file final12.cif (mmCIF, C-alpha atoms)
data_structure
#
loop_
_atom_site.label_atom_id
_atom_site.label_comp_id
_atom_site.auth_asym_id
_atom_site.auth_seq_id
_atom_site.Cartn_x
_atom_site.Cartn_y
_atom_site.Cartn_z
CA MET A 88 31.34 -13.57 -52.91
CA ALA A 89 30.71 -9.93 -53.62
CA ALA A 90 32.71 -8.24 -56.32
CA LYS A 91 34.15 -4.78 -56.50
CA PHE A 92 32.24 -2.89 -59.17
CA PRO A 93 33.73 0.06 -61.05
CA LYS A 94 31.79 3.28 -60.88
CA GLU A 95 30.05 4.61 -63.95
CA GLY A 96 30.99 7.90 -65.49
CA GLY A 97 34.25 9.46 -66.62
CA SER A 98 35.18 11.61 -69.55
CA SER A 99 34.77 10.22 -73.03
CA SER A 100 35.05 11.60 -76.49
CA PRO A 101 31.85 11.87 -78.52
CA LYS A 102 33.76 10.71 -81.57
CA LYS A 103 34.45 7.05 -82.22
CA ALA A 104 38.11 6.12 -81.93
CA ALA A 105 39.85 5.84 -85.27
CA ASN A 106 41.01 2.45 -86.49
CA LEU A 107 44.74 2.29 -85.70
CA GLN A 108 45.54 -0.15 -88.50
CA GLU A 109 43.97 2.18 -91.04
CA LEU A 110 45.83 5.16 -89.62
CA MET A 111 49.21 3.42 -89.80
CA LYS A 112 48.79 2.95 -93.54
CA LYS A 113 48.97 6.70 -94.11
CA LEU A 114 51.05 7.96 -91.15
CA VAL A 115 54.78 8.52 -91.38
CA LEU A 116 56.12 7.24 -88.04
CA LYS A 117 59.04 8.88 -86.23
CA ASP A 118 61.95 7.02 -84.66
CA GLU A 119 60.53 7.46 -81.16
CA GLU A 120 57.30 5.87 -82.28
CA LEU A 121 59.19 2.86 -83.64
CA ASP A 122 61.18 2.35 -80.44
CA ASP A 123 59.26 -0.63 -78.99
CA VAL A 124 59.38 -1.80 -75.38
CA VAL A 125 60.82 -5.32 -75.29
CA LEU A 126 58.93 -7.66 -72.94
CA PRO A 127 60.96 -10.67 -71.71
CA LYS A 128 59.47 -14.05 -72.52
CA GLU A 129 59.31 -15.13 -68.87
CA GLU A 130 57.37 -12.02 -67.91
CA PHE A 131 55.05 -12.54 -70.85
CA VAL A 132 54.31 -16.10 -69.69
CA ASN A 133 53.51 -14.82 -66.19
CA LEU A 134 51.15 -12.22 -67.60
CA ARG A 135 49.35 -14.87 -69.61
CA GLU A 136 48.87 -16.84 -66.40
CA ASP A 137 47.30 -13.81 -64.76
CA ALA A 138 44.81 -13.56 -67.62
CA ARG A 139 43.26 -17.02 -67.22
CA TRP A 140 39.57 -17.40 -66.46
CA MET A 141 38.71 -14.21 -68.29
CA ALA A 142 35.65 -13.78 -70.50
CA VAL A 143 34.03 -11.08 -72.60
CA VAL A 144 30.39 -10.44 -71.62
CA LYS A 145 27.54 -8.77 -73.48
CA VAL A 146 23.77 -8.54 -73.09
CA HIS A 147 21.94 -9.40 -76.30
CA THR A 148 19.88 -6.23 -76.55
CA SER A 149 19.93 -2.91 -78.36
CA LYS A 150 18.39 -1.11 -75.39
CA HIS A 151 20.46 0.92 -72.97
CA PHE A 152 20.85 -0.18 -69.35
CA GLY A 153 22.91 0.94 -66.38
CA ASN A 154 26.07 -0.93 -65.46
CA GLN A 155 25.37 -1.05 -61.72
CA PRO A 156 21.98 -2.81 -62.00
CA PHE A 157 23.58 -5.32 -64.36
CA PHE A 158 26.53 -5.97 -62.04
CA GLN A 159 24.28 -6.42 -59.02
CA LYS A 160 21.88 -8.73 -60.84
CA MET A 161 24.64 -10.94 -62.15
CA ASP A 162 26.38 -10.95 -58.76
CA ALA A 163 23.26 -12.57 -57.32
CA ALA A 164 22.79 -14.86 -60.32
CA TRP A 165 26.33 -16.20 -60.59
CA GLY A 166 26.89 -16.50 -56.83
CA PHE A 167 30.63 -17.03 -57.21
CA ALA A 168 32.55 -18.61 -54.33
CA LYS A 169 35.79 -16.66 -54.73
CA LYS A 170 36.87 -13.14 -55.59
CA TRP A 171 35.86 -11.92 -59.04
CA SER A 172 35.77 -8.71 -61.01
CA ILE A 173 33.91 -7.19 -63.95
CA ARG A 174 34.72 -3.94 -65.71
CA PRO A 175 33.20 -2.16 -68.68
CA VAL A 176 35.09 -1.84 -71.95
CA GLU A 177 32.42 0.24 -73.65
CA ASP A 178 28.64 0.44 -73.67
CA ASN A 179 27.27 -3.11 -73.23
CA LEU A 180 30.67 -4.81 -73.37
CA PHE A 181 32.46 -6.10 -70.27
CA ILE A 182 35.44 -8.18 -69.18
CA LEU A 183 34.78 -10.74 -66.44
CA GLN A 184 37.50 -12.53 -64.46
CA VAL A 185 37.06 -15.18 -61.77
CA SER A 186 39.55 -16.79 -59.41
CA CYS A 187 38.88 -20.54 -59.53
CA LEU A 188 37.82 -23.31 -61.90
CA GLY A 189 34.52 -23.86 -60.11
CA ASP A 190 33.43 -20.26 -60.68
CA TRP A 191 34.63 -20.44 -64.28
CA ASN A 192 32.52 -23.52 -64.96
CA ARG A 193 29.59 -21.88 -63.23
CA ALA A 194 29.71 -18.85 -65.53
CA MET A 195 30.53 -20.63 -68.78
CA LEU A 196 28.55 -23.87 -68.47
CA ASP A 197 25.54 -23.29 -66.22
CA GLY A 198 23.63 -20.81 -68.36
CA PRO A 199 21.57 -19.49 -69.93
CA TRP A 200 22.01 -16.28 -67.97
CA ILE A 201 19.29 -13.67 -68.31
CA PHE A 202 19.16 -9.97 -67.52
CA ARG A 203 15.85 -8.14 -67.95
CA GLN A 204 14.56 -11.02 -70.09
CA GLN A 205 17.54 -10.73 -72.47
CA GLY A 206 20.29 -13.31 -72.90
CA VAL A 207 23.75 -12.68 -71.43
CA LEU A 208 26.49 -13.84 -73.83
CA LEU A 209 29.92 -14.96 -72.62
CA GLU A 210 33.02 -16.12 -74.50
CA PRO A 211 36.54 -16.89 -73.26
CA TYR A 212 39.08 -14.06 -73.61
CA ASP A 213 42.88 -14.24 -73.74
CA GLY A 214 43.46 -10.72 -72.44
CA ILE A 215 45.35 -9.68 -75.60
CA ALA A 216 42.91 -9.41 -78.48
CA ASP A 217 40.57 -6.46 -78.93
CA PRO A 218 37.43 -7.35 -76.90
CA ASN A 219 35.33 -6.10 -79.82
CA SER A 220 36.87 -8.80 -81.99
CA VAL A 221 35.46 -11.59 -79.81
CA LYS A 222 32.40 -13.09 -81.48
CA LEU A 223 29.47 -13.03 -79.04
CA THR A 224 26.63 -14.84 -80.76
CA ARG A 225 25.91 -17.98 -78.74
CA ILE A 226 23.96 -18.80 -75.60
CA HIS A 227 23.95 -22.10 -73.71
CA ALA A 228 20.65 -23.90 -73.16
CA TRP A 229 19.16 -27.30 -72.40
CA VAL A 230 16.84 -28.48 -75.16
CA GLN A 231 14.36 -31.35 -74.99
CA VAL A 232 13.55 -33.47 -78.04
CA ARG A 233 10.23 -35.22 -77.43
CA GLY A 234 8.94 -38.45 -78.90
CA ILE A 235 12.11 -40.17 -80.15
CA PRO A 236 11.44 -43.95 -80.11
CA PRO A 237 13.90 -46.18 -78.19
CA LEU A 238 15.14 -47.67 -81.47
CA PHE A 239 16.59 -44.32 -82.52
CA ARG A 240 17.91 -43.21 -79.13
CA LYS A 241 21.51 -43.66 -80.13
CA GLU A 242 23.97 -40.88 -79.34
CA ALA A 243 25.25 -40.59 -82.91
CA ILE A 244 21.72 -40.27 -84.32
CA VAL A 245 20.62 -37.82 -81.62
CA ARG A 246 23.72 -35.66 -82.11
CA ASP A 247 23.06 -35.45 -85.85
CA MET A 248 19.49 -34.30 -85.25
CA ALA A 249 20.45 -31.89 -82.45
CA ALA A 250 23.08 -30.30 -84.69
CA ARG A 251 20.12 -28.72 -86.52
CA ILE A 252 19.31 -26.88 -83.28
CA GLY A 253 22.79 -25.66 -82.32
CA GLU A 254 26.30 -26.72 -81.42
CA VAL A 255 25.95 -29.91 -79.37
CA LEU A 256 27.81 -30.04 -76.06
CA SER A 257 26.32 -33.08 -74.31
CA VAL A 258 23.45 -35.57 -74.66
CA ASP A 259 21.16 -37.24 -72.10
CA LEU A 260 19.33 -40.03 -73.95
CA TYR A 261 16.90 -40.91 -71.17
CA ALA A 262 16.03 -37.76 -69.24
CA LEU A 263 13.01 -38.20 -66.98
CA GLY A 264 10.41 -35.50 -66.36
CA ALA A 265 8.41 -34.94 -63.17
CA SER A 266 5.40 -36.64 -64.78
CA GLY A 267 7.47 -39.76 -65.52
CA THR A 268 7.79 -38.96 -69.23
CA SER A 269 11.09 -39.97 -70.79
CA PHE A 270 12.68 -37.78 -73.45
CA VAL A 271 16.04 -36.81 -74.92
CA CYS A 272 17.75 -33.77 -73.39
CA VAL A 273 20.61 -32.03 -75.21
CA ARG A 274 22.94 -29.25 -74.10
CA VAL A 275 23.54 -26.89 -77.02
CA LYS A 276 24.92 -23.49 -77.94
CA LEU A 277 22.19 -21.52 -79.69
CA ASP A 278 23.10 -18.91 -82.30
CA VAL A 279 21.22 -15.75 -81.29
CA ASN A 280 21.26 -14.57 -84.92
CA LYS A 281 19.27 -17.57 -86.16
CA PRO A 282 15.58 -18.37 -85.59
CA LEU A 283 14.79 -21.06 -83.03
CA THR A 284 14.31 -24.59 -84.32
CA ARG A 285 10.81 -25.92 -83.63
CA LEU A 286 11.21 -29.54 -84.71
CA VAL A 287 13.77 -31.97 -86.06
CA GLY A 288 13.23 -34.81 -88.50
CA LEU A 289 14.52 -38.32 -89.11
CA HIS A 290 13.95 -40.20 -92.37
CA PRO A 291 15.00 -43.87 -92.26
CA GLU A 292 15.48 -45.03 -95.84
CA GLY A 293 12.58 -47.15 -96.96
CA SER A 294 10.35 -45.87 -94.17
CA GLU A 295 8.20 -42.83 -93.48
CA ARG A 296 9.65 -39.57 -92.27
CA LEU A 297 9.45 -38.83 -88.53
CA HIS A 298 9.21 -35.46 -86.81
CA PHE A 299 10.04 -34.67 -83.18
CA GLN A 300 9.07 -31.56 -81.22
CA VAL A 301 11.80 -29.37 -79.72
CA LEU A 302 11.18 -27.73 -76.33
CA TYR A 303 13.52 -25.20 -74.71
CA GLU A 304 14.33 -24.66 -71.03
CA LYS A 305 14.59 -21.13 -69.59
CA LEU A 306 14.83 -19.10 -72.77
CA PRO A 307 15.44 -15.36 -72.96
CA LYS A 308 12.82 -13.23 -74.66
CA PHE A 309 12.21 -14.17 -78.28
CA CYS A 310 9.95 -12.94 -81.05
CA GLU A 311 6.83 -14.97 -81.81
CA MET A 312 6.90 -13.76 -85.42
CA CYS A 313 10.51 -14.36 -86.53
CA GLY A 314 11.87 -16.61 -83.76
CA LEU A 315 14.87 -14.40 -83.00
CA PHE A 316 16.16 -13.38 -79.58
CA GLY A 317 16.43 -9.78 -78.42
CA HIS A 318 12.94 -8.44 -79.16
CA GLY A 319 9.26 -9.34 -79.00
CA ASP A 320 6.56 -9.48 -81.63
CA LEU A 321 5.44 -5.91 -80.81
CA GLU A 322 8.96 -4.73 -81.73
CA CYS A 323 9.21 -6.82 -84.90
CA GLY A 324 8.60 -4.69 -87.98
CA ASP A 325 5.78 -2.25 -87.23
CA GLY A 326 4.56 -4.46 -84.38
CA VAL A 327 1.11 -5.00 -85.89
CA HIS A 328 0.58 -8.75 -86.33
CA SER A 329 -2.27 -11.22 -86.27
CA ASP A 330 -2.09 -14.11 -83.83
CA ASP A 331 -2.68 -16.48 -86.75
CA ASP A 332 0.57 -15.28 -88.33
CA LYS A 333 2.72 -16.10 -85.32
CA GLN A 334 5.02 -19.03 -86.04
CA TYR A 335 6.61 -19.24 -82.58
CA GLY A 336 5.30 -19.01 -79.04
CA ASP A 337 5.27 -20.24 -75.45
CA TRP A 338 4.32 -23.72 -76.65
CA MET A 339 8.03 -24.11 -77.44
CA CYS A 340 8.97 -23.76 -73.74
CA ALA A 341 9.44 -26.93 -71.70
CA PRO A 342 7.31 -27.35 -68.55
CA ILE A 343 9.28 -26.06 -65.60
CA ASP A 344 8.89 -29.34 -63.69
CA ASP A 345 10.75 -31.14 -66.49
CA TRP A 346 13.80 -28.88 -66.53
CA HIS A 347 17.18 -30.55 -66.45
CA PRO A 348 18.77 -30.45 -62.94
CA GLN A 349 21.74 -28.48 -64.29
CA THR A 350 19.63 -25.68 -65.75
CA SER A 351 20.47 -22.44 -63.93
CA GLY A 352 17.61 -21.48 -61.64
CA VAL A 353 16.79 -25.06 -60.64
CA ARG A 354 17.33 -25.98 -57.01
CA VAL A 355 16.39 -29.07 -55.01
CA ARG A 356 14.43 -28.52 -51.85
CA ALA A 357 15.74 -30.67 -49.03
CA ALA A 358 12.31 -31.53 -47.61
CA GLY A 359 10.98 -34.47 -49.60
CA GLY A 360 13.57 -34.01 -52.35
CA GLU A 361 11.12 -32.15 -54.55
CA ALA A 362 12.52 -29.88 -57.22
CA SER A 363 11.64 -26.22 -57.17
CA ARG A 364 12.59 -23.51 -59.62
CA GLY A 365 13.97 -20.09 -58.85
CA GLY A 366 17.12 -18.98 -57.08
CA ARG A 367 20.24 -18.01 -58.93
CA GLY A 368 19.60 -16.65 -62.35
CA GLY A 369 16.11 -18.03 -62.31
CA ARG A 370 14.08 -15.06 -61.10
CA GLY A 371 12.64 -12.78 -63.72
CA GLY A 372 14.06 -14.69 -66.67
CA GLY A 373 12.83 -17.07 -69.29
CA ARG A 374 9.46 -17.47 -70.99
CA GLY A 375 6.21 -19.37 -70.65
CA GLY A 376 6.36 -22.44 -68.44
CA GLY A 377 10.06 -21.83 -67.95
CA ARG A 378 9.73 -18.43 -66.33
CA PRO A 379 9.74 -18.53 -62.53
CA SER A 380 7.62 -15.85 -60.85
CA ASP A 381 9.06 -12.94 -58.88
CA SER A 382 6.19 -13.02 -56.35
CA ARG A 383 6.61 -14.93 -53.10
CA LYS A 384 3.95 -16.64 -51.01
CA ARG A 385 3.47 -19.13 -48.22
CA GLN A 386 2.90 -22.59 -49.67
CA LEU A 387 1.00 -25.25 -47.75
CA VAL A 388 2.56 -28.70 -47.82
CA GLU A 389 -0.38 -31.08 -47.55
CA SER A 390 -0.50 -34.20 -45.41
CA PRO A 391 0.86 -37.25 -47.30
CA ASN A 392 -2.32 -39.20 -46.54
CA ALA A 393 -5.30 -37.64 -48.28
CA GLY A 394 -8.38 -37.25 -46.10
CA GLU A 395 -6.48 -37.43 -42.81
CA LYS A 396 -7.01 -34.81 -40.16
CA VAL A 397 -4.11 -32.43 -40.18
CA ASN A 398 -2.29 -31.68 -36.96
CA PRO A 399 -1.28 -28.00 -37.07
CA GLY A 400 1.89 -28.88 -35.16
CA GLN A 401 2.96 -31.09 -38.06
CA LEU A 402 2.20 -28.70 -40.91
CA GLN A 403 5.21 -27.68 -42.97
CA VAL A 404 4.96 -24.17 -44.38
CA THR A 405 7.71 -23.06 -46.73
CA ASP A 406 8.45 -19.76 -48.41
CA GLY A 407 9.05 -20.68 -52.05
CA SER A 408 8.77 -19.36 -55.59
CA GLU A 409 5.24 -19.37 -57.02
CA LYS A 410 4.85 -21.14 -60.33
CA ASN A 411 3.07 -19.37 -63.18
CA GLY A 412 -0.68 -19.67 -62.90
CA GLU A 413 -0.55 -21.76 -59.69
CA LYS A 414 -2.85 -20.63 -56.88
CA GLU A 415 -3.18 -21.82 -53.33
CA ASP A 416 -5.66 -24.71 -52.99
CA PRO A 417 -8.75 -23.25 -51.21
CA GLY A 418 -9.61 -26.70 -49.82
CA ALA A 419 -6.21 -27.00 -48.21
CA ARG A 420 -6.59 -23.48 -46.83
CA ARG A 421 -9.94 -24.41 -45.23
CA ASN A 422 -8.48 -27.60 -43.75
CA LEU A 423 -5.70 -25.55 -42.18
CA ASP A 424 -8.15 -23.01 -40.73
CA LEU A 425 -10.36 -25.74 -39.26
CA ALA A 426 -7.36 -27.54 -37.78
CA LEU A 427 -6.13 -24.33 -36.18
CA ARG A 428 -9.57 -23.64 -34.73
CA GLU A 429 -9.76 -27.15 -33.30
CA GLU A 430 -6.32 -26.83 -31.80
CA ASP A 431 -7.24 -23.47 -30.27
CA GLY A 432 -10.45 -24.95 -28.83
CA LYS A 433 -8.55 -27.83 -27.24
CA LYS A 434 -6.32 -25.43 -25.40
CA ASP A 435 -9.31 -23.57 -23.91
CA VAL A 436 -11.93 -26.24 -23.13
CA GLY A 437 -9.98 -29.50 -22.98
CA THR A 438 -9.49 -32.40 -25.34
CA ASN A 439 -12.83 -34.18 -24.75
CA ALA A 440 -15.00 -31.12 -24.16
CA SER A 441 -17.71 -30.07 -26.56
CA PRO A 442 -17.24 -26.85 -28.58
CA ARG A 443 -17.66 -23.65 -26.59
CA LYS A 444 -21.02 -21.93 -26.59
CA LYS A 445 -21.44 -18.26 -27.11
CA PRO A 446 -21.03 -16.63 -23.67
CA ASP A 447 -24.10 -15.10 -22.02
CA PRO A 448 -23.43 -11.35 -21.64
CA LYS A 449 -25.50 -11.30 -18.38
CA ARG A 450 -23.49 -14.08 -16.76
CA PRO A 451 -20.23 -13.02 -15.04
CA ARG A 452 -17.15 -14.48 -16.70
CA LYS A 453 -14.19 -16.15 -15.08
CA GLY A 454 -11.49 -13.68 -14.17
CA ASP A 455 -13.82 -10.66 -13.85
CA SER A 456 -13.25 -8.47 -10.79
CA ASN A 457 -16.68 -9.29 -9.34
CA THR A 458 -16.31 -13.12 -9.41
CA ASP A 459 -14.42 -15.54 -7.28
CA GLU A 460 -11.48 -17.60 -8.50
CA ALA A 461 -13.71 -20.64 -9.17
CA GLY A 462 -16.00 -18.62 -11.40
CA SER A 463 -19.11 -19.36 -9.29
CA GLY A 464 -20.58 -15.90 -9.70
CA GLU A 465 -20.56 -15.11 -5.99
CA GLY A 466 -19.33 -11.68 -5.08
CA ARG A 467 -15.80 -11.35 -3.84
CA ARG A 468 -14.78 -8.88 -1.21
CA GLN A 469 -12.58 -6.19 -2.47
CA ASP A 470 -9.81 -4.64 -0.43
CA GLN A 471 -10.65 -1.31 0.95
#
call {"tool": "encode", "arguments": {"input": "final12.cif", "output": "structure tokens"}}
result
Amino acid sequence: MAAKFPKEGGSSSPKKAANLQELMKKLVLKDEELDDVVLPKEEFVNLREDARWMAVVKVHTSKHFGNQPFFQKMDAAWGFAKKWSIRPVEDNLFILQVSCLGDWNRAMLDGPWIFRQQGVLLEPYDGIADPNSVKLTRIHAWVQVRGIPPLFRKEAIVRDMAARIGEVLSVDLYALGASGTSFVCVRVKLDVNKPLTRLVGLHPEGSERLHFQVLYEKLPKFCEMCGLFGHGDLECGDGVHSDDDKQYGDWMCAPIDDWHPQTSGVRVRAAGGEASRGGRGGRGGGRGGGRPSDSRKRQLVESPNAGEKVNPGQLQVTDGSEKNGEKEDPGARRNLDLALREEDGKKDVGTNASPRKKPDPKRPRKGDSNTDEAGSGEGRRQDQ
């Protein structure tokens, strides 16, 4: 449901507002300034009820952006079912409020949310505290831990290892990828002020130490030099770096076909039940294999039986998101063109007829004004 967005602009002072607590230490207050308004307890309780499902929102970037593009992008990404509102507090700080539990869970649990390749941070807000006092440092993400043997796939052990990555929210011990590979999938809160974790270790006493690779689903932009969110390697230091010095990279991104079903941007296509990526919050965000493309194309769905002749009437053509690096199969394109030609030929010359020959330019064609209806070539009288 569309939200009502506040307009940008308005007068503002170029000076930063003074800290009230610091001012009160040196000000001598008058009686009128000490005459507080008393708010009845019942009214206070009602106001607290009105403030539920509120959150403070911030984009993890130091770059300036317009409020309206942000509001419109997130409106499409969140796709809330009920009425909602968002209003700016100051530059790159907003208060979001939704109207139902489903929309609240969507915003708070279905991330990560991405705007212009940067992470969108959300934290619950009580409507009383200074929004600037709310700590916005964490982003939700699904993380895959590859290679853990079945013996060690116990929730307590996995949670201890995943705690090295971020705050653990949930654990899926036997997630299954599109290729049939089984791995551990963990929902975590990542601290945007800490470098990404590339691997976790397990050292059973009396045995050798084990290491397991960590792959991330749909990450915002991160630096391949320092592993922090919010900037790239060209913006890290002076931006001049050798590829050999990069300690992070797209190899840390999970293949898009192996994303967890609850990752924002994943949707299930009804035909055949195949998973496709894109949609809400998925376009234009993420990195590497986890970054759906903005371009759109017609995708050919091949016949289930390889080598069969394809009936053009049974071809299924869908308009879907193009995966990175994936191009249309030229063989499938040729099969489609041949099938369409055959179908067109059947309509003109009949099912059992041989392919049409190139017409003789000297021979009159059927339907010309100087031929009869049977196409015999004999002249037809024309009305005077």
call {"tool": "residues_around", "arguments": {"input": "final12.cif", "residues": "His290 of chain A", "least_positions_apart": "6", "cutoff": "12 Å", "atoms": "only C-alpha atoms", "output": "ChimeraX atom specification"}}
result
/A:239,244,248,296-299
call {"tool": "atom_distance", "arguments": {"input": "final12.cif", "atom1": "atom CA of Pro127 of chain A", "atom2": "atom CA of Val185 of chain A"}}
result
26.3 Å
call {"tool": "atom_distance", "arguments": {"input": "final12.cif", "atom1": "atom CA of Tyr212 of chain A", "atom2": "atom CA of Ala142 of chain A"}}
result
4.6 Å
call {"tool": "closest_residue", "arguments": {"input": "final12.cif", "among": "A:Leu289, A:Glu130, A:Asp320, A:Lys170", "to": "Asp247 of chain A", "atoms": "only C-alpha atoms"}}
result
A:Leu289
call {"tool": "resolve_selection", "arguments": {"input": "final12.cif", "expression": "the PyMOL selection byres ((chain A and resi 304-319) around 6)", "output": "count of residues only"}}
result
21
call {"tool": "resolve_selection", "arguments": {"input": "final12.cif", "expression": "the PyMOL selection byres ((chain A and resi 215-226) around 6)", "output": "list of chain:residue names"}}
result
A:Leu208, A:Asp213, A:Gly214, A:His227, A:Lys276, A:Leu277, A:Asp278, A:Val279
call {"tool": "atom_distance", "arguments": {"input": "final12.cif", "atom1": "atom CA of Arg203 of chain A", "atom2": "atom CA of Phe181 of chain A"}}
result
16.9 Å
call {"tool": "closest_residue", "arguments": {"input": "final12.cif", "among": "A:Glu292, A:His347, A:Gln108, A:Asn280", "to": "Leu263 of chain A", "atoms": "all atoms listed in the file"}}
result
A:His347
call {"tool": "closest_residue", "arguments": {"input": "final12.cif", "among": "A:Phe167, A:Phe270, A:Phe202, A:Trp191", "to": "Trp346 of chain A", "atoms": "only C-alpha atoms"}}
result
A:Phe270
call {"tool": "closest_residue", "arguments": {"input": "final12.cif", "among": "A:Trp200, A:Gly326, A:Cys272, A:Val125", "to": "Ala163 of chain A", "atoms": "all atoms listed in the file"}}
result
A:Trp200
call {"tool": "resolve_selection", "arguments": {"input": "final12.cif", "expression": "the PyMOL selection byres ((chain A and resi 169) around 12)", "output": "PyMOL selection string"}}
result
chain A and resi 88-90+162+165-168+170-172+184-191+193
call {"tool": "residues_around", "arguments": {"input": "final12.cif", "residues": "Val258 of chain A", "least_positions_apart": "3", "cutoff": "12 Å", "atoms": "only C-alpha atoms", "output": "compact mmCIF listing (two decimals) with C-alpha atoms, keeping the file's coordinate frame"}}
result
# COMPACT_ATOMS: atom_id res chain seq x y z
CA TRP A 229 19.16 -27.30 -72.40
CA VAL A 230 16.84 -28.48 -75.16
CA GLN A 231 14.36 -31.35 -74.99
CA VAL A 232 13.55 -33.47 -78.04
CA ARG A 240 17.91 -43.21 -79.13
CA LYS A 241 21.51 -43.66 -80.13
CA GLU A 242 23.97 -40.88 -79.34
CA ALA A 243 25.25 -40.59 -82.91
CA ILE A 244 21.72 -40.27 -84.32
CA VAL A 245 20.62 -37.82 -81.62
CA ARG A 246 23.72 -35.66 -82.11
CA ASP A 247 23.06 -35.45 -85.85
CA MET A 248 19.49 -34.30 -85.25
CA ALA A 249 20.45 -31.89 -82.45
CA ALA A 250 23.08 -30.30 -84.69
CA GLU A 254 26.30 -26.72 -81.42
CA VAL A 255 25.95 -29.91 -79.37
CA TYR A 261 16.90 -40.91 -71.17
CA ALA A 262 16.03 -37.76 -69.24
CA PHE A 270 12.68 -37.78 -73.45
CA VAL A 271 16.04 -36.81 -74.92
CA CYS A 272 17.75 -33.77 -73.39
CA VAL A 273 20.61 -32.03 -75.21
CA ARG A 274 22.94 -29.25 -74.10
CA VAL A 275 23.54 -26.89 -77.02
CA HIS A 347 17.18 -30.55 -66.45
call {"tool": "closest_residue", "arguments": {"input": "final12.cif", "among": "A:Lys117, A:Ala228, A:Leu183, A:Glu210", "to": "Leu256 of chain A", "atoms": "all atoms listed in the file"}}
result
A:Ala228
call {"tool": "closest_residue", "arguments": {"input": "final12.cif", "among": "A:Ala265, A:Ile252, A:Leu107, A:Leu260", "to": "Leu238 of chain A", "atoms": "all atoms listed in the file"}}
result
A:Leu260
call {"tool": "residues_around", "arguments": {"input": "final12.cif", "residues": "Arg251 of chain A", "least_positions_apart": "6", "cutoff": "10 Å", "atoms": "only C-alpha atoms", "output": "number ranges by chain"}}
result
A: 283-284, 286-288
